[in-house]
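With mmCIF, C-alpha atoms inside, this is run_0.cif:
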```cif
data_protein
loop_
_atom_site.label_atom_id
_atom_site.label_comp_id
_atom_site.auth_asym_id
_atom_site.auth_seq_id
_atom_site.Cartn_x
_atom_site.Cartn_y
_atom_site.Cartn_z
CA MET A 1199 10.08 19.57 -19.20
CA ARG A 1200 6.56 20.92 -19.15
CA GLU A 1201 5.52 22.31 -15.78
CA GLY A 1202 3.31 20.08 -13.68
CA ASN A 1203 -0.29 20.64 -12.71
CA LEU A 1204 -0.80 22.60 -9.48
CA GLU A 1205 -4.50 21.79 -9.08
CA ALA A 1206 -5.82 18.98 -6.90
CA PRO A 1207 -5.81 15.63 -8.72
CA THR A 1208 -9.18 14.50 -10.02
CA ARG A 1209 -10.28 11.04 -10.99
CA HIS A 1210 -12.23 9.87 -14.03
CA PRO A 1211 -14.64 6.89 -14.00
CA ILE A 1212 -13.07 3.60 -15.09
CA ASP A 1213 -14.70 2.30 -18.27
CA TRP A 1214 -13.81 -1.28 -17.39
CA LYS A 1215 -16.64 -2.89 -19.36
CA SER A 1216 -15.50 -1.38 -22.66
CA PRO A 1217 -13.77 -3.81 -25.08
CA ASP A 1218 -10.98 -1.23 -25.46
CA PHE A 1219 -10.17 -1.56 -21.77
CA TYR A 1220 -9.00 -5.14 -22.39
CA ASP A 1221 -7.27 -4.44 -25.71
CA GLU A 1222 -3.70 -5.42 -24.82
CA GLY A 1223 -2.14 -3.51 -27.72
CA LYS A 1224 -3.86 -0.28 -26.73
CA ALA A 1225 -3.00 -0.81 -23.09
CA LEU A 1226 0.67 -1.37 -23.91
CA ALA A 1227 0.69 1.78 -26.04
CA GLU A 1228 -0.72 3.75 -23.12
CA MET A 1229 1.86 2.20 -20.81
CA GLU A 1230 4.64 3.32 -23.17
CA ARG A 1231 3.25 6.88 -23.16
CA VAL A 1232 2.97 6.98 -19.36
CA PHE A 1233 6.29 5.23 -18.74
CA ASP A 1234 8.02 7.78 -20.96
CA ILE A 1235 6.66 10.63 -18.86
CA CYS A 1236 7.54 8.82 -15.61
CA HIS A 1237 11.07 8.18 -16.87
CA GLY A 1238 11.54 11.89 -17.50
CA CYS A 1239 10.27 12.82 -14.04
CA ARG A 1240 11.34 10.09 -11.59
CA ARG A 1241 9.73 11.74 -8.57
CA CYS A 1242 8.15 8.43 -7.51
CA VAL A 1243 11.34 6.37 -7.40
CA SER A 1244 11.17 5.92 -3.61
CA LEU A 1245 7.51 4.88 -3.37
CA CYS A 1246 7.50 1.22 -4.40
CA GLN A 1247 9.38 -1.27 -6.56
CA SER A 1248 7.41 -0.51 -9.75
CA PHE A 1249 9.35 2.66 -10.44
CA PRO A 1250 12.88 1.32 -9.80
CA ASN A 1251 12.01 -1.62 -12.06
CA LEU A 1252 10.83 0.77 -14.79
CA PHE A 1253 13.84 3.06 -14.56
CA ASP A 1254 16.27 0.12 -14.53
CA LEU A 1255 14.65 -1.18 -17.73
CA VAL A 1256 14.99 2.20 -19.42
CA ASP A 1257 18.55 2.76 -18.24
CA ALA A 1258 19.58 -0.63 -19.65
CA THR A 1259 18.53 0.30 -23.23
CA ALA A 1260 21.03 1.46 -25.84
CA ASP A 1261 19.82 5.08 -25.85
CA GLY A 1262 18.24 5.29 -22.41
CA GLU A 1263 14.71 5.77 -23.73
CA VAL A 1264 11.45 3.93 -23.11
CA HIS A 1265 10.96 2.92 -26.75
CA GLY A 1266 13.92 0.56 -26.36
CA VAL A 1267 12.24 -1.46 -23.58
CA LYS A 1268 10.61 -4.68 -24.75
CA LYS A 1269 6.87 -4.71 -24.16
CA GLU A 1270 6.96 -8.06 -22.36
CA ALA A 1271 9.18 -6.43 -19.74
CA TYR A 1272 6.39 -4.02 -18.84
CA TRP A 1273 4.77 -6.72 -16.74
CA SER A 1274 7.64 -6.57 -14.24
CA VAL A 1275 6.47 -3.01 -13.52
CA VAL A 1276 2.80 -4.01 -13.32
CA ASP A 1277 3.43 -6.90 -10.93
CA GLN A 1278 5.13 -4.65 -8.37
CA CYS A 1279 2.21 -2.20 -8.15
CA TYR A 1280 -0.04 -2.85 -5.17
CA LEU A 1281 -2.40 0.07 -5.85
CA CYS A 1282 -1.38 2.14 -2.82
CA ASP A 1283 -2.33 5.24 -4.88
CA LEU A 1284 0.44 7.37 -3.37
CA CYS A 1285 2.02 8.22 -6.71
CA TYR A 1286 -1.29 9.63 -7.96
CA MET A 1287 -2.31 11.47 -4.79
CA THR A 1288 1.01 12.73 -3.42
CA LYS A 1289 3.75 12.82 -6.08
CA CYS A 1290 2.60 12.97 -9.69
CA PRO A 1291 2.37 16.50 -11.20
CA TYR A 1292 0.64 15.23 -14.36
CA THR A 1293 -2.63 13.88 -12.99
CA PRO A 1294 -5.94 15.23 -14.36
CA PRO A 1295 -6.78 18.04 -14.98
CA HIS A 1296 -3.27 18.24 -16.49
CA PRO A 1297 -3.51 17.59 -20.26
CA TRP A 1298 -1.24 14.56 -19.98
CA GLN A 1299 -3.93 12.82 -17.88
CA LEU A 1300 -1.64 10.45 -15.96
CA ASP A 1301 -3.28 7.88 -13.73
CA PHE A 1302 -0.53 5.36 -13.07
CA PRO A 1303 -2.42 3.20 -10.52
CA HIS A 1304 -5.49 2.77 -12.69
CA LEU A 1305 -3.33 2.04 -15.71
CA MET A 1306 -1.71 -0.70 -13.65
CA LEU A 1307 -5.20 -1.88 -12.68
CA ARG A 1308 -6.10 -2.07 -16.37
CA ALA A 1309 -2.98 -4.15 -17.04
CA LYS A 1310 -3.77 -6.44 -14.10
CA ALA A 1311 -7.34 -6.88 -15.41
CA ILE A 1312 -5.98 -7.90 -18.82
CA LYS A 1313 -3.62 -10.37 -17.17
CA HIS A 1314 -6.46 -11.80 -15.08
CA ARG A 1315 -8.77 -12.16 -18.07
CA LYS A 1316 -6.01 -13.99 -19.99
CA GLY A 1317 -5.81 -16.56 -17.18
CA GLN A 1318 -2.34 -15.48 -16.09
CA VAL A 1319 -3.15 -15.14 -12.40
CA SER A 1320 -2.30 -18.30 -10.48
CA ALA A 1321 -4.80 -20.29 -8.44
CA ARG A 1322 -2.78 -19.70 -5.28
CA GLU A 1323 -2.87 -15.92 -5.80
CA LYS A 1324 -6.64 -16.14 -6.18
CA LEU A 1325 -6.88 -18.20 -2.99
CA LEU A 1326 -4.82 -15.67 -1.02
CA ALA A 1327 -7.23 -12.95 -2.15
CA SER A 1328 -10.31 -14.94 -1.07
CA THR A 1329 -10.62 -13.54 2.44
CA ASP A 1330 -14.13 -14.88 3.03
CA VAL A 1331 -12.86 -18.38 2.24
CA HIS A 1332 -10.05 -18.08 4.81
CA GLY A 1333 -12.47 -16.69 7.34
CA SER A 1334 -14.79 -19.69 7.12
CA PHE A 1335 -12.59 -21.38 9.76
CA ALA A 1336 -12.86 -18.48 12.22
CA GLY A 1337 -14.99 -19.05 15.31
CA ILE A 1338 -15.35 -22.83 14.92
CA PRO A 1339 -14.42 -24.48 18.25
CA ILE A 1340 -11.41 -26.80 18.15
CA VAL A 1341 -10.96 -26.19 14.41
CA VAL A 1342 -9.70 -22.64 14.82
CA GLN A 1343 -7.26 -23.64 17.58
CA ALA A 1344 -5.96 -26.46 15.38
CA VAL A 1345 -5.57 -24.21 12.33
CA ASN A 1346 -3.72 -21.55 14.34
CA ALA A 1347 -1.46 -24.12 15.97
CA VAL A 1348 -0.58 -25.84 12.71
CA ASN A 1349 -0.01 -22.55 10.85
CA GLY A 1350 2.51 -21.59 13.50
CA THR A 1351 4.77 -24.58 12.87
CA LYS A 1352 7.86 -24.51 10.70
CA ALA A 1353 6.60 -27.46 8.63
CA ALA A 1354 3.31 -25.74 7.86
CA ARG A 1355 5.05 -22.52 6.88
CA GLN A 1356 7.34 -24.41 4.54
CA LEU A 1357 4.29 -26.09 3.01
CA MET A 1358 2.55 -22.72 2.58
CA ASP A 1359 5.70 -21.42 0.93
CA SER A 1360 5.82 -24.23 -1.62
CA GLN A 1361 2.08 -24.60 -2.24
CA LEU A 1362 0.61 -21.13 -1.66
CA GLY A 1363 3.58 -18.86 -2.25
CA VAL A 1364 3.47 -17.48 1.32
CA HIS A 1365 6.91 -16.52 2.59
CA PRO A 1366 7.87 -18.61 5.65
CA ASP A 1367 9.07 -15.51 7.55
CA ALA A 1368 6.09 -13.27 6.79
CA TRP A 1369 3.71 -12.38 9.60
CA MET A 1370 0.34 -14.09 9.15
CA PRO A 1371 -2.87 -13.27 11.05
CA GLN A 1372 -4.47 -15.88 13.27
CA MET A 1373 -8.10 -16.92 13.05
CA ALA A 1374 -10.35 -15.49 15.75
CA GLN A 1375 -11.96 -17.85 18.24
CA GLN A 1376 -15.13 -15.72 18.13
CA ARG A 1377 -16.19 -13.77 15.05
CA PHE A 1378 -16.99 -10.12 15.61
CA ARG A 1379 -20.35 -10.24 13.82
CA TRP A 1380 -21.77 -13.10 15.86
CA GLY A 1381 -24.38 -12.05 18.40
CA ARG A 1382 -24.07 -8.25 18.12
CA LEU A 1383 -27.20 -6.11 17.88
CA MET A 1384 -28.17 -2.44 17.73
CA THR A 1385 -28.07 -0.61 21.07
CA GLY A 1386 -29.57 2.64 22.41
CA LYS A 1387 -31.68 5.28 20.72
CA ALA A 1388 -31.04 7.44 17.69
CA GLY A 1389 -28.51 10.20 18.38
CA LEU A 1390 -28.13 13.75 17.16
CA SER A 1391 -27.23 14.91 13.66
CA VAL A 1392 -25.53 18.30 13.51
CA ALA A 1393 -24.66 20.46 10.50
CA VAL A 1394 -20.89 20.71 9.96
CA ASN A 1395 -19.50 22.79 7.09
CA GLY A 1396 -22.58 22.14 5.02
CA GLN A 1397 -22.48 18.42 5.79
CA ARG A 1398 -24.22 16.42 8.50
CA THR A 1399 -22.57 14.20 11.06
CA PRO A 1400 -25.02 11.35 11.64
CA GLY A 1401 -25.81 10.44 15.22
CA LYS A 1402 -25.89 6.70 14.59
CA VAL A 1403 -23.30 4.34 13.15
CA ALA A 1404 -23.58 1.24 10.96
CA ILE A 1405 -20.40 -0.82 11.30
CA PHE A 1406 -19.10 -2.61 8.22
CA ALA A 1407 -16.95 -5.10 10.08
CA THR A 1408 -14.50 -6.00 7.26
CA CYS A 1409 -13.08 -9.48 6.80
CA TYR A 1410 -10.07 -8.75 8.95
CA MET A 1411 -11.95 -7.47 11.98
CA ASN A 1412 -14.58 -10.17 11.71
CA TYR A 1413 -12.28 -13.15 11.20
CA ASN A 1414 -8.90 -12.15 12.63
CA GLU A 1415 -8.92 -9.36 15.23
CA PRO A 1416 -12.46 -8.88 16.57
CA GLY A 1417 -11.00 -7.06 19.57
CA ILE A 1418 -10.53 -3.99 17.38
CA GLY A 1419 -14.25 -4.05 16.62
CA ALA A 1420 -15.06 -4.55 20.28
CA ASP A 1421 -13.04 -1.43 21.11
CA LEU A 1422 -14.86 0.54 18.41
CA VAL A 1423 -18.16 -0.49 20.00
CA LYS A 1424 -16.89 0.57 23.45
CA LEU A 1425 -16.02 4.02 22.09
CA LEU A 1426 -19.47 4.36 20.54
CA ASP A 1427 -21.16 3.18 23.74
CA HIS A 1428 -19.10 5.54 25.88
CA ASN A 1429 -20.14 8.45 23.68
CA GLN A 1430 -23.77 7.28 23.66
CA ILE A 1431 -23.76 6.79 19.90
CA PRO A 1432 -26.15 4.02 18.79
CA TYR A 1433 -24.63 1.46 16.45
CA GLU A 1434 -25.67 -1.48 14.37
CA ILE A 1435 -23.55 -4.14 12.71
CA VAL A 1436 -24.68 -4.08 9.08
CA GLU A 1437 -27.21 -6.76 8.36
CA LYS A 1438 -24.89 -8.79 6.15
CA GLU A 1439 -21.62 -8.22 4.34
CA GLN A 1440 -19.03 -9.76 2.06
CA CYS A 1441 -15.41 -8.79 1.47
CA CYS A 1442 -15.24 -5.21 0.18
CA GLY A 1443 -13.43 -6.47 -2.93
CA MET A 1444 -10.04 -4.78 -2.45
CA PRO A 1445 -8.04 -8.07 -2.58
CA LYS A 1446 -9.80 -8.91 -5.87
CA LEU A 1447 -9.06 -5.42 -7.20
CA GLU A 1448 -5.36 -5.87 -6.50
CA LEU A 1449 -5.44 -9.01 -8.70
CA GLY A 1450 -7.34 -7.28 -11.52
CA ASP A 1451 -10.34 -9.55 -10.91
CA LEU A 1452 -12.95 -6.92 -11.70
CA GLU A 1453 -15.71 -9.49 -12.11
CA GLY A 1454 -14.95 -10.62 -8.56
CA VAL A 1455 -15.13 -7.00 -7.43
CA GLU A 1456 -18.50 -6.69 -9.15
CA ARG A 1457 -19.85 -9.71 -7.26
CA ALA A 1458 -18.80 -8.16 -3.94
CA TRP A 1459 -20.29 -4.82 -5.01
CA ALA A 1460 -23.60 -6.47 -5.93
CA ALA A 1461 -23.78 -8.12 -2.50
CA ASN A 1462 -22.75 -5.13 -0.36
CA ILE A 1463 -24.13 -1.98 -1.96
CA PRO A 1464 -27.88 -2.74 -1.67
CA VAL A 1465 -27.42 -3.47 2.05
CA LEU A 1466 -25.28 -0.41 2.73
CA ALA A 1467 -27.46 1.89 0.63
CA ARG A 1468 -30.38 1.21 2.96
CA TYR A 1469 -28.33 2.46 5.90
CA ALA A 1470 -27.21 5.50 3.92
CA ARG A 1471 -30.80 6.38 3.02
CA GLU A 1472 -31.83 6.03 6.67
CA GLY A 1473 -29.18 8.54 7.77
CA TRP A 1474 -26.57 6.24 9.27
CA ALA A 1475 -22.85 6.95 9.15
CA ILE A 1476 -21.21 3.80 7.76
CA VAL A 1477 -17.88 3.18 9.50
CA THR A 1478 -15.21 0.72 8.41
CA PRO A 1479 -12.18 0.17 10.69
CA VAL A 1480 -9.75 -0.88 7.91
CA PRO A 1481 -8.56 1.94 5.60
CA SER A 1482 -8.42 -0.20 2.46
CA CYS A 1483 -12.09 -1.13 2.88
CA THR A 1484 -13.05 2.48 3.51
CA LEU A 1485 -11.16 3.56 0.39
CA MET A 1486 -12.87 0.86 -1.65
CA PHE A 1487 -16.29 2.34 -0.91
CA LYS A 1488 -15.12 5.96 -1.04
CA GLN A 1489 -13.15 5.81 -4.27
CA GLU A 1490 -12.71 2.59 -6.23
CA LEU A 1491 -16.31 1.34 -6.37
CA PRO A 1492 -17.69 4.82 -7.19
CA LEU A 1493 -15.24 4.99 -10.12
CA LEU A 1494 -15.97 1.45 -11.32
CA PHE A 1495 -19.76 1.92 -11.03
CA ALA A 1496 -19.99 5.66 -11.61
CA GLY A 1497 -23.55 5.54 -12.94
CA ASP A 1498 -25.03 3.73 -9.94
CA ALA A 1499 -26.87 6.07 -7.56
CA ASP A 1500 -26.71 3.69 -4.58
CA THR A 1501 -22.93 3.42 -4.89
CA GLN A 1502 -22.61 7.20 -4.78
CA LEU A 1503 -24.97 7.33 -1.80
CA VAL A 1504 -22.82 4.83 0.10
CA ARG A 1505 -19.70 6.82 -0.77
CA GLN A 1506 -21.20 9.92 0.84
CA ALA A 1507 -22.17 8.01 3.99
CA MET A 1508 -18.81 6.23 4.42
CA PHE A 1509 -16.48 7.31 7.25
CA ASP A 1510 -13.08 6.38 8.53
CA PRO A 1511 -13.67 5.87 12.30
CA PHE A 1512 -11.47 8.78 13.32
CA GLU A 1513 -12.93 10.99 10.62
CA TYR A 1514 -16.26 10.31 12.33
CA PHE A 1515 -15.05 10.84 15.90
CA VAL A 1516 -13.22 14.08 15.07
CA SER A 1517 -16.36 15.35 13.33
CA ARG A 1518 -18.39 14.54 16.43
CA HIS A 1519 -15.86 16.44 18.54
CA LYS A 1520 -16.22 19.50 16.28
CA ASP A 1521 -19.97 19.20 16.88
CA GLY A 1522 -19.31 19.33 20.62
CA LEU A 1523 -20.72 15.81 20.98
CA LEU A 1524 -17.63 13.72 21.80
CA LYS A 1525 -16.70 13.08 25.41
CA THR A 1526 -13.21 14.20 26.42
CA ASP A 1527 -13.10 12.53 29.84
CA PHE A 1528 -9.76 10.84 29.14
CA LYS A 1529 -8.20 9.32 32.24
CA THR A 1530 -5.16 7.25 31.27
CA ALA A 1531 -1.89 8.66 29.94
CA LEU A 1532 -0.60 6.91 26.84
CA GLY A 1533 2.99 8.10 27.14
CA ARG A 1534 5.12 7.83 24.00
CA VAL A 1535 3.09 6.74 20.97
CA SER A 1536 4.48 6.04 17.50
CA TYR A 1537 1.58 6.19 15.07
CA HIS A 1538 1.76 5.12 11.41
CA ILE A 1539 -0.55 6.58 8.76
CA PRO A 1540 -1.18 3.86 6.14
CA CYS A 1541 -1.27 4.63 2.44
CA HIS A 1542 -4.98 3.94 2.03
CA GLY A 1543 -5.66 6.33 4.88
CA ARG A 1544 -3.51 9.08 3.38
CA VAL A 1545 -5.20 9.01 -0.02
CA GLN A 1546 -8.75 9.41 1.31
CA ASN A 1547 -8.33 13.21 1.35
CA ILE A 1548 -9.66 13.52 4.90
CA GLY A 1549 -6.52 14.85 6.60
CA LYS A 1550 -4.76 13.31 9.58
CA LYS A 1551 -7.83 12.50 11.63
CA THR A 1552 -6.26 9.84 13.85
CA GLU A 1553 -3.42 12.23 14.65
CA GLU A 1554 -6.01 14.90 15.51
CA MET A 1555 -7.63 12.45 17.92
CA PHE A 1556 -4.32 11.71 19.65
CA LYS A 1557 -3.64 15.44 19.96
CA LEU A 1558 -7.09 15.90 21.49
CA ILE A 1559 -6.28 13.19 24.04
CA GLY A 1560 -2.98 14.94 24.68
CA GLN A 1561 -4.85 18.02 25.87
CA HIS A 1562 -6.13 16.00 28.83
CA VAL A 1563 -3.55 13.29 29.57
CA GLU A 1564 0.07 12.75 28.59
CA VAL A 1565 0.62 11.73 24.96
CA LYS A 1566 3.98 12.23 23.27
CA LEU A 1567 3.12 11.54 19.64
CA ASN A 1568 5.47 10.50 16.86
CA THR A 1569 3.60 10.36 13.53
CA VAL A 1570 5.15 8.42 10.65
CA GLU A 1571 3.70 9.08 7.21
CA ARG A 1572 5.26 6.64 4.78
CA CYS A 1573 4.38 3.28 3.19
CA SER A 1574 5.09 0.33 5.48
CA GLY A 1575 5.46 -1.99 2.48
CA HIS A 1576 2.86 -4.52 3.64
CA ALA A 1577 0.11 -3.74 1.11
CA GLY A 1578 -2.17 -6.71 1.73
CA THR A 1579 -1.05 -9.94 0.11
CA TYR A 1580 2.07 -8.25 -1.31
CA GLY A 1581 3.69 -8.32 2.11
CA VAL A 1582 3.24 -12.06 2.62
CA LYS A 1583 3.99 -13.50 -0.82
CA THR A 1584 7.23 -15.41 -1.21
CA ALA A 1585 8.30 -13.30 -4.19
CA THR A 1586 7.56 -9.91 -2.63
CA HIS A 1587 7.90 -10.23 1.15
CA PRO A 1588 11.63 -9.34 1.07
CA VAL A 1589 10.81 -6.28 -1.05
CA ALA A 1590 8.03 -5.32 1.38
CA MET A 1591 10.50 -5.47 4.26
CA LYS A 1592 12.97 -3.34 2.30
CA ILE A 1593 10.31 -0.72 1.52
CA GLY A 1594 9.35 -0.64 5.19
CA LYS A 1595 12.86 -0.11 6.61
CA PRO A 1596 12.58 3.70 6.91
CA VAL A 1597 9.22 3.23 8.68
CA PHE A 1598 10.62 0.63 11.08
CA LYS A 1599 13.41 3.03 12.02
CA ALA A 1600 11.12 6.05 12.38
CA MET A 1601 8.60 4.14 14.51
CA ALA A 1602 11.35 3.15 16.96
CA LYS A 1603 12.22 6.79 17.71
CA ASP A 1604 12.36 7.59 21.45
CA ALA A 1605 11.53 3.98 22.45
CA PRO A 1606 7.73 4.27 22.28
CA ASP A 1607 5.42 2.76 24.86
CA TYR A 1608 2.95 1.93 22.09
CA ILE A 1609 3.08 1.61 18.33
CA GLY A 1610 0.05 1.38 16.08
CA SER A 1611 -1.35 1.90 12.60
CA ASP A 1612 -4.89 2.40 11.34
CA CYS A 1613 -4.15 -0.62 9.14
CA PRO A 1614 -3.78 -3.53 11.59
CA MET A 1615 -1.83 -5.61 9.08
CA ALA A 1616 0.65 -2.77 8.57
CA GLY A 1617 0.95 -2.55 12.35
CA HIS A 1618 2.02 -6.18 12.61
CA HIS A 1619 4.35 -5.78 9.64
CA ILE A 1620 6.00 -2.80 11.34
CA ALA A 1621 6.31 -4.68 14.63
CA GLN A 1622 8.00 -7.54 12.78
CA GLY A 1623 10.38 -5.14 11.04
CA MET A 1624 11.25 -3.42 14.32
CA GLN A 1625 11.90 -6.79 15.93
CA GLN A 1626 14.27 -7.77 13.12
CA ALA A 1627 16.02 -4.40 13.38
CA GLY A 1628 16.66 -4.95 17.09
CA THR A 1629 14.25 -2.24 18.26
CA PRO A 1630 11.18 -4.26 19.27
CA ALA A 1631 8.01 -2.41 20.21
CA LYS A 1632 6.87 -2.61 23.84
CA ALA A 1633 3.22 -2.91 22.81
CA LEU A 1634 1.33 -2.96 19.51
CA GLN A 1635 -2.17 -1.52 19.76
CA HIS A 1636 -4.61 -0.34 17.13
CA PRO A 1637 -5.42 3.40 17.50
CA LEU A 1638 -9.03 2.53 18.40
CA SER A 1639 -7.69 0.41 21.24
CA LEU A 1640 -5.43 3.24 22.38
CA VAL A 1641 -8.40 5.61 22.57
CA ARG A 1642 -10.26 3.01 24.61
CA ILE A 1643 -7.27 2.81 26.97
CA ALA A 1644 -7.14 6.62 27.21
CA TYR A 1645 -10.80 6.70 28.20
CA GLY A 1646 -10.03 4.16 30.94
CA LEU A 1647 -12.50 1.66 29.52
CA GLU A 1648 -12.10 -2.06 30.19
#
```
Please express the file's structure as structure tokens.
Amino acid sequence: MREGNLEAPTRHPIDWKSPDFYDEGKALAEMERVFDICHGCRRCVSLCQSFPNLFDLVDATADGEVHGVKKEAYWSVVDQCYLCDLCYMTKCPYTPPHPWQLDFPHLMLRAKAIKHRKGQVSAREKLLASTDVHGSFAGIPIVVQAVNAVNGTKAARQLMDSQLGVHPDAWMPQMAQQRFRWGRLMTGKAGLSVAVNGQRTPGKVAIFATCYMNYNEPGIGADLVKLLDHNQIPYEIVEKEQCCGMPKLELGDLEGVERAWAANIPVLARYAREGWAIVTPVPSCTLMFKQELPLLFAGDADTQLVRQAMFDPFEYFVSRHKDGLLKTDFKTALGRVSYHIPCHGRVQNIGKKTEEMFKLIGQHVEVKLNTVERCSGHAGTYGVKTATHPVAMKIGKPVFKAMAKDAPDYIGSDCPMAGHHIAQGMQQAGTPAKALQHPLSLVRIAYGLE
């Protein structure tokens, strides 16, 4: 076999508006080329169900080669890809600039886009991906309590299983009684900007709340604000926002992604031009603005400007610490902490910033850190769908076991949904977590903030 590429993987813009992009014959031909290379390598077999499905198809042919697999069977590979990007960023030796130019996730995205354009995505899948629609119930007195109460009943879960394809055993987020974005304003004065490795760490933060933090767990956002306040960093909740578009991307609904892009980028670009750091507390949303939208809209200057201004929260806080501008007056020991790095955090190419923050805390108070760097299996709607929830739990088993090591006092993940998925898996494995807390909340606890 030809030796793999040893250079860092690079990404090419996605020409998704070209007619060739939606040419099913050409897409299937490219899938055959890529699948043949993947079959000869098999390094990604443990990442997700796409690769076992592919290799089982090949192994079942008469001569054990890809050309013997029927093209209609390719979709069983496509449907199991949830665009975690780990194969591209951590495993594949044939990504660009290698001449073979493998980009498995974006090939799967192309296939999903073809499927969506052909009308082969169900209405219930589209509804599950419509996070702003779900969130319309959040914060409405009486209604939100009723929705949460009903959704917790066995009858409602059975109905969601039959009508929406939501597995009755899958963890589902509750609606918040108070939305994060309601009633929050800018505070304080502009802070300092300091040069760091040729870049600048802005002294003020614009918070892109994300659907999840706004509608489901606003407490995470409240803790982010407390950390900013404690460090005297002015913040502003962005003037208006829609879903980042990641759930639509996972369906191949690129027109839906474009609508979200058109709503968000002009707003965020203003903050970028004014020197704000834009912080998103959910890794998938951060990745959307850092990678996927810049590749889908490569020629748009505002999109590239937003990409440069976008920060993971711990990427921002660690940068501030390197500037000498982050307070280290930690007061409360955290004890044993099992921390999970989600896939969409790993592939941002920023390093283990949350782990760095925990280690910084550990220089001042007790923190015994156990870092787990593997896919939890949740992957957005994949983890709750009736067809894929059991697979998601299977993928997560090694994580559930690793997170239970040494009976942690706290478990947490930068992805709050992955955190709940892990807690559920640990419970089922008989090693329940004592306390699930988002890393931002753990930092707030370490500071001794109420």
I'd like the neighbourhood of Gln1502 in chain A as a JSON list (two decimals) with C-alpha atoms, in the coordinates of the input, where a residue qualifies if any of its atoms comes within 6 Å (using all atoms listed in the file), though same-chain residues fewer than 3 positions away should be ignored.
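Result written to result_11.json:
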```json
[["chain", "number", "residue", "atom", "x", "y", "z"],
["A", 1492, "PRO", "CA", -17.69, 4.82, -7.19],
["A", 1499, "ALA", "CA", -26.87, 6.07, -7.56],
["A", 1505, "ARG", "CA", -19.70, 6.82, -0.77]]
```
Practice task
Kindly indicate which residue among A:Ser1244, A:His1304, A:Ile1405, A:His1636 lies nearest to Lys1595 in chain A, using only C-alpha atoms for the distances.
Solution key: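 Smallest separation from Lys1595 in chain A among the options: A:Ser1244.
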Exercise for the section: Report as a ChimeraX atom specification the full result of the PyMOL selection byres ((chain A and resi 1287) around 9) when it is applied to this structure. Expected result: /A:1206-1207,1283-1286,1288-1290,1293,1544-1545,1547
Exercise for the section: Report the residues retrieved by the PyMOL selection byres ((chain A and resi 1516) around 12) from the displayed file, expressed as a PyMOL selection string. Expected result: chain A and resi 1394+1399+1509-1515+1517-1526+1548-1559
Got a sec to resolve the PyMOL selection byres ((chain A and resi 1579) around 12) on this structure and send the residues as a short mmCIF file (atom, residue, chain, number, x, y, z; two decimals) with C-alpha atoms, in the coordinates of the input?
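Result file is selection_10.cif:
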```cif
data_model
loop_
_atom_site.label_atom_id
_atom_site.label_comp_id
_atom_site.auth_asym_id
_atom_site.auth_seq_id
_atom_site.Cartn_x
_atom_site.Cartn_y
_atom_site.Cartn_z
CA GLN A 1278 5.13 -4.65 -8.37
CA CYS A 1279 2.21 -2.20 -8.15
CA TYR A 1280 -0.04 -2.85 -5.17
CA LEU A 1281 -2.40 0.07 -5.85
CA ARG A 1322 -2.78 -19.70 -5.28
CA GLU A 1323 -2.87 -15.92 -5.80
CA LYS A 1324 -6.64 -16.14 -6.18
CA LEU A 1325 -6.88 -18.20 -2.99
CA LEU A 1326 -4.82 -15.67 -1.02
CA ALA A 1327 -7.23 -12.95 -2.15
CA SER A 1328 -10.31 -14.94 -1.07
CA THR A 1329 -10.62 -13.54 2.44
CA LEU A 1362 0.61 -21.13 -1.66
CA GLY A 1363 3.58 -18.86 -2.25
CA VAL A 1364 3.47 -17.48 1.32
CA HIS A 1365 6.91 -16.52 2.59
CA ALA A 1368 6.09 -13.27 6.79
CA TRP A 1369 3.71 -12.38 9.60
CA MET A 1370 0.34 -14.09 9.15
CA PRO A 1371 -2.87 -13.27 11.05
CA MET A 1444 -10.04 -4.78 -2.45
CA PRO A 1445 -8.04 -8.07 -2.58
CA LYS A 1446 -9.80 -8.91 -5.87
CA LEU A 1447 -9.06 -5.42 -7.20
CA GLU A 1448 -5.36 -5.87 -6.50
CA LEU A 1449 -5.44 -9.01 -8.70
CA GLY A 1575 5.46 -1.99 2.48
CA HIS A 1576 2.86 -4.52 3.64
CA ALA A 1577 0.11 -3.74 1.11
CA GLY A 1578 -2.17 -6.71 1.73
CA TYR A 1580 2.07 -8.25 -1.31
CA GLY A 1581 3.69 -8.32 2.11
CA VAL A 1582 3.24 -12.06 2.62
CA LYS A 1583 3.99 -13.50 -0.82
CA THR A 1584 7.23 -15.41 -1.21
CA ALA A 1585 8.30 -13.30 -4.19
CA THR A 1586 7.56 -9.91 -2.63
CA HIS A 1587 7.90 -10.23 1.15
CA ALA A 1590 8.03 -5.32 1.38
CA MET A 1615 -1.83 -5.61 9.08
CA ALA A 1616 0.65 -2.77 8.57
CA HIS A 1619 4.35 -5.78 9.64
#
```
Handout entry: Ala1461 in chain A environment, 12 Å, only C-alpha atoms, sequence neighbours closer than 2 positions dropped, as a ChimeraX atom specification
Key = /A:1437-1443,1454-1459,1463-1467,1501
Exercise for the section: Measure the distance from CA of Pro1637 in chain A to CA of Ala1470 in chain A in Å and round it to one decimal. Expected result: 25.8 Å
Exercise for the section: Could you tell me how far CA of Glu1228 in chain A lies from CA of Val1589 in chain A, in Å and to one decimal? Expected result: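 Here the two named atoms are 26.8 Å from each other.
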